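Colleague: Just passing along the structure, written as structure tokens.
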Amino acid sequence: MDALDLARLQFGAVTVYHFLFVPITIGLSGLVAFCETRWVMSHHEHWLRLTKFFGKLFLINFAIGVATGLVQEFQFGMNWSAYSRFVGDIFGAPLAIEGLLAFFLESTFLGLWIFGWDRLSPRVHAACIWAVHIGTLLSAYFILAANSWMQHPVGYRFNPRTGRAELDDFAAVLFNKVQLVSFPHTVLAAYMTGAAFMLGVAVWLQMRSRTADRDRVMYGRATRLSAVVLLVAGLGVAVSGDLQGKVMTEVQPMKMASAEALYQTEQPASFSILTIGSLDGSKETFSVKVPRLLSFLATGSWTGKVQGINDLRAHYEKTYGADPGATYYSAGGYTPVIPVTYWAFRIMIGLGSLAAAFAALVLWRTRRGRIPRGRRWLWVCLSMPLLPVFANSFGWIFTEMGRQPWSVFGLMTTANAVSPGVPAWQVLTSLLSFTLLYAVLAVVEVGLILRTVRSGAAEAPVDDPSLDPADRPLVHAY
């Protein structure tokens with residue numbers, strides 16, 4: 001593979017790995033904040049113990065997420081300097097605000113939350129974790145604003161003298177139509193992921209034989225809370241995903257056509273349940289379809305027209321010039337790799353739907369204080385945290401691979417975005433280094449989480465009024 005292929009593989013690997021932690025961080029921070037708020041309002045020991053237990057798991061995940069996220073920004077200047085030069089005036093603005101505002105907000109109040117257990121009032125302490133959660137949402141918003149601009153560039157003007165795209169309307173970038181549907185969809189998926197993580201842990205601890213009866217009641221509260229959040233967020237993901245699909249059809253019709261392996265324009269268009277194509281992904285050989293469903297999903301009308309791959313390819317070649325050629329991430333003719341987009345789209349939907357179905361099953365099985373029993377529930381516990389995580393990953397693979405061969409849709413191809421002076425061996429060296437480092441971090445992350453989960457929620461500390469305030473612990477010990 002040449003430098004372009006390796007640079008793209010590296011960025012994809014780093015991004016997918018980093019995004020394993022991001023949705024858990026967003027979702028779990030909100031759930032921890034909710035648990036602490038319940039404790040402040042009710043003074044019930046169970047909510048305090050759940051706050052500290054899942055707060056520790058949140059901190060482990062947050063630390064690994066920060067470490068892996070820093071690597072991404074360096075790649076823009078090292079492997080994608082041509083891209084950075086072309087769009088830096090636009091792309092850099094929301095990323096700078098994310099770093100200076102959102103991330104600093106998160107880190108500052110997270111520090112107050114960690115070290116303020118014995119120095120802040122309960123209400124102020126709870127407000128700190130809510131500020132952390134708000135910071136995660138702001139981070140997501142500004143990062144998605146930058147990504148949405150790549151999907152649908154707006155609010156810019158091209159400077160022919162410098163050959164750069166320059167920011168013209170920052171409000172248009174922040175309120176891009178793609179951004180307005182991508183943000184709720186991504187955040188709701190993050191709530192699903194955080195809730196699924198809590199649900200899997202809580203059900204396992206509730207089932208464990210050595211768990212005390214009063215602790216089963218506590219974990220039952222976490223089970224019911226997380227199952228409700230997972231189910232409601234899952235419904236929200238379905239609704240927001242439908243809206244996102246309609247906007248995607250409007251601004252990136254090739255992505256919708258490749259998601260459905262729709263080669264010929266149809267009106268009305270059928271939704272493909274299963275399609276088998278040629279090995280090069282250039283044509284359909286067999287399919288099972290639901291009539292008219294794709295028209296509704298793409299346009300909101302049961303008789304809407306959906307453009308096919310072949311017609312869009314001809315249109316793009318006429319608009320943007322000759323075929324950019326086939327690569328490992330593009331089938332040529334301004335067409336992404338159809339098998340990747342087709343199956344990533346379906347795996348995303350399938351895993352997300354399965355997680356929501358599991359949540360409904362758990363709610364039914366735990367009604368009136370019942371506790372799940374049996375080996376099959378062990379498999380539910382093991383699979384529950386993974387389903388939304390992988391659904392998120394395949395969703396991002398679909399989003400980014402479906403845009404190919406464009407780095408910025410309609411403005412810059414990925415082939416023109418790579419750094420011209422970086423040889424393939426240097427990219428390969430950094431790729432292997434990151435792979436090894438991330439493998440080590442994965443072992444550390446999993447080991448810390450498993451050890452923490454096996455220990456369970458610690459007993460709530462008993463406040464000794466005889467102690468002088470100066471003799472009390474300075475920090476909360478995790």
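Letters for chains follow the order of the structure tokens (A, B, ...), residue numbers begin at 1 for each chain, and ligand numbers begin at 1 in the order shown.
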Just the residues within 6 Å of segment 228-241 of chain A, please, counting only C-alpha atoms, with nothing from its chain fewer than 4 positions along; format it as an NGL selection string.
Modeller: :A and (185 or 188 or 192 or 195 or 356 or 359)
Colleague: List every residue of segment 296-415 of chain A that DSSP, applied to the backbone of this structure, places in helix (DSSP H, G or I), and write the result as a ChimeraX atom specification.
Modeller: /A:296-299,309-320,338-365,367-369,375-383,386-401,414-415
Colleague: Please, what distance in Å, to one decimal, runs between atom CA of Thr366 of chain A and atom CA of His46 of chain A?
Modeller: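 Rounded to one decimal, the two atoms are 17.9 Å apart.
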Colleague: For Ile60 of chain A, list every protein, DNA or RNA residue within 8 Å, evaluated using only C-alpha atoms, and leave out those in the same chain fewer than 6 positions away; present the list as an MDAnalysis selection string.
Modeller: chainID A and resid 445 448:449
Colleague: With N, CA and C atoms retained, write the just-selected residues as a PDB file, in the first residue's frame.
Modeller:
ATOM      1  N   GLU A 445      -7.175  -1.003  30.099  1.00  0.00           N
ATOM      2  CA  GLU A 445      -8.572  -0.578  30.265  1.00  0.00           C
ATOM      3  C   GLU A 445      -9.453  -1.734  30.703  1.00  0.00           C
ATOM      4  N   LEU A 448      -8.586  -2.940  34.324  1.00  0.00           N
ATOM      5  CA  LEU A 448      -9.071  -2.044  35.377  1.00  0.00           C
ATOM      6  C   LEU A 448     -10.585  -2.135  35.541  1.00  0.00           C
ATOM      7  N   ILE A 449     -11.296  -2.197  34.417  1.00  0.00           N
ATOM      8  CA  ILE A 449     -12.760  -2.264  34.491  1.00  0.00           C
ATOM      9  C   ILE A 449     -13.205  -3.579  35.122  1.00  0.00           C
TER      10      ILE A 449
END
Colleague: As a list of chain:residue names, please: the residues near Phe19 of chain A (cut-off 9 Å, only C-alpha atoms, same-chain neighbours under 4 positions excluded).
Modeller: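 Near neighbours after the sequence-gap exclusion: A:Val14, A:Thr15, A:Pro23, A:Ile24, A:Gly65, A:Gly69, A:Val389, A:Asn392, A:Ser393, A:Trp396.
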Colleague: Next, dump the selected residues to file, keeping only N, CA and C atoms, as a PDB file, in the first residue's frame.
Modeller:
ATOM      1  N   VAL A  14      -7.321   4.699  14.364  1.00  0.00           N
ATOM      2  CA  VAL A  14      -7.258   5.564  15.545  1.00  0.00           C
ATOM      3  C   VAL A  14      -8.637   6.108  15.898  1.00  0.00           C
ATOM      4  N   THR A  15      -9.400   6.513  14.883  1.00  0.00           N
ATOM      5  CA  THR A  15     -10.717   7.084  15.126  1.00  0.00           C
ATOM      6  C   THR A  15     -11.682   6.054  15.695  1.00  0.00           C
ATOM      7  N   PRO A  23     -18.652   7.429  23.390  1.00  0.00           N
ATOM      8  CA  PRO A  23     -20.067   7.322  23.759  1.00  0.00           C
ATOM      9  C   PRO A  23     -20.286   6.830  25.183  1.00  0.00           C
ATOM     10  N   ILE A  24     -19.399   5.965  25.684  1.00  0.00           N
ATOM     11  CA  ILE A  24     -19.524   5.534  27.081  1.00  0.00           C
ATOM     12  C   ILE A  24     -19.307   6.720  28.010  1.00  0.00           C
ATOM     13  N   GLY A  65      -9.978   7.541  27.023  1.00  0.00           N
ATOM     14  CA  GLY A  65     -10.520   8.306  25.898  1.00  0.00           C
ATOM     15  C   GLY A  65      -9.721   9.557  25.603  1.00  0.00           C
ATOM     16  N   GLY A  69      -7.660  10.269  22.172  1.00  0.00           N
ATOM     17  CA  GLY A  69      -8.182  11.360  21.361  1.00  0.00           C
ATOM     18  C   GLY A  69      -7.134  12.376  20.961  1.00  0.00           C
ATOM     19  N   VAL A 389     -21.735  -0.253  21.522  1.00  0.00           N
ATOM     20  CA  VAL A 389     -20.370   0.180  21.194  1.00  0.00           C
ATOM     21  C   VAL A 389     -20.048  -0.152  19.741  1.00  0.00           C
ATOM     22  N   ASN A 392     -22.176   1.907  17.264  1.00  0.00           N
ATOM     23  CA  ASN A 392     -21.575   3.228  17.046  1.00  0.00           C
ATOM     24  C   ASN A 392     -20.401   3.160  16.082  1.00  0.00           C
ATOM     25  N   SER A 393     -19.562   2.155  16.259  1.00  0.00           N
ATOM     26  CA  SER A 393     -18.371   2.028  15.406  1.00  0.00           C
ATOM     27  C   SER A 393     -18.762   1.808  13.952  1.00  0.00           C
ATOM     28  N   TRP A 396     -20.038   4.996  12.347  1.00  0.00           N
ATOM     29  CA  TRP A 396     -19.010   5.920  11.889  1.00  0.00           C
ATOM     30  C   TRP A 396     -18.285   5.388  10.661  1.00  0.00           C
TER      31      TRP A 396
END
Colleague: If DSSP is run on the backbone, what residues of segment 253-388 of chain A are strand (DSSP E)? A reply as a list in words would be ideal.
Modeller: Phe271, Ser272, Ile273, Leu274, Thr275, Ile276, Gly277, Glu284, Thr285, Phe286, Ser287, Val288, Lys289, Val290, Ser330, Ala331, Gly332, Thr335 and Pro336 of chain A
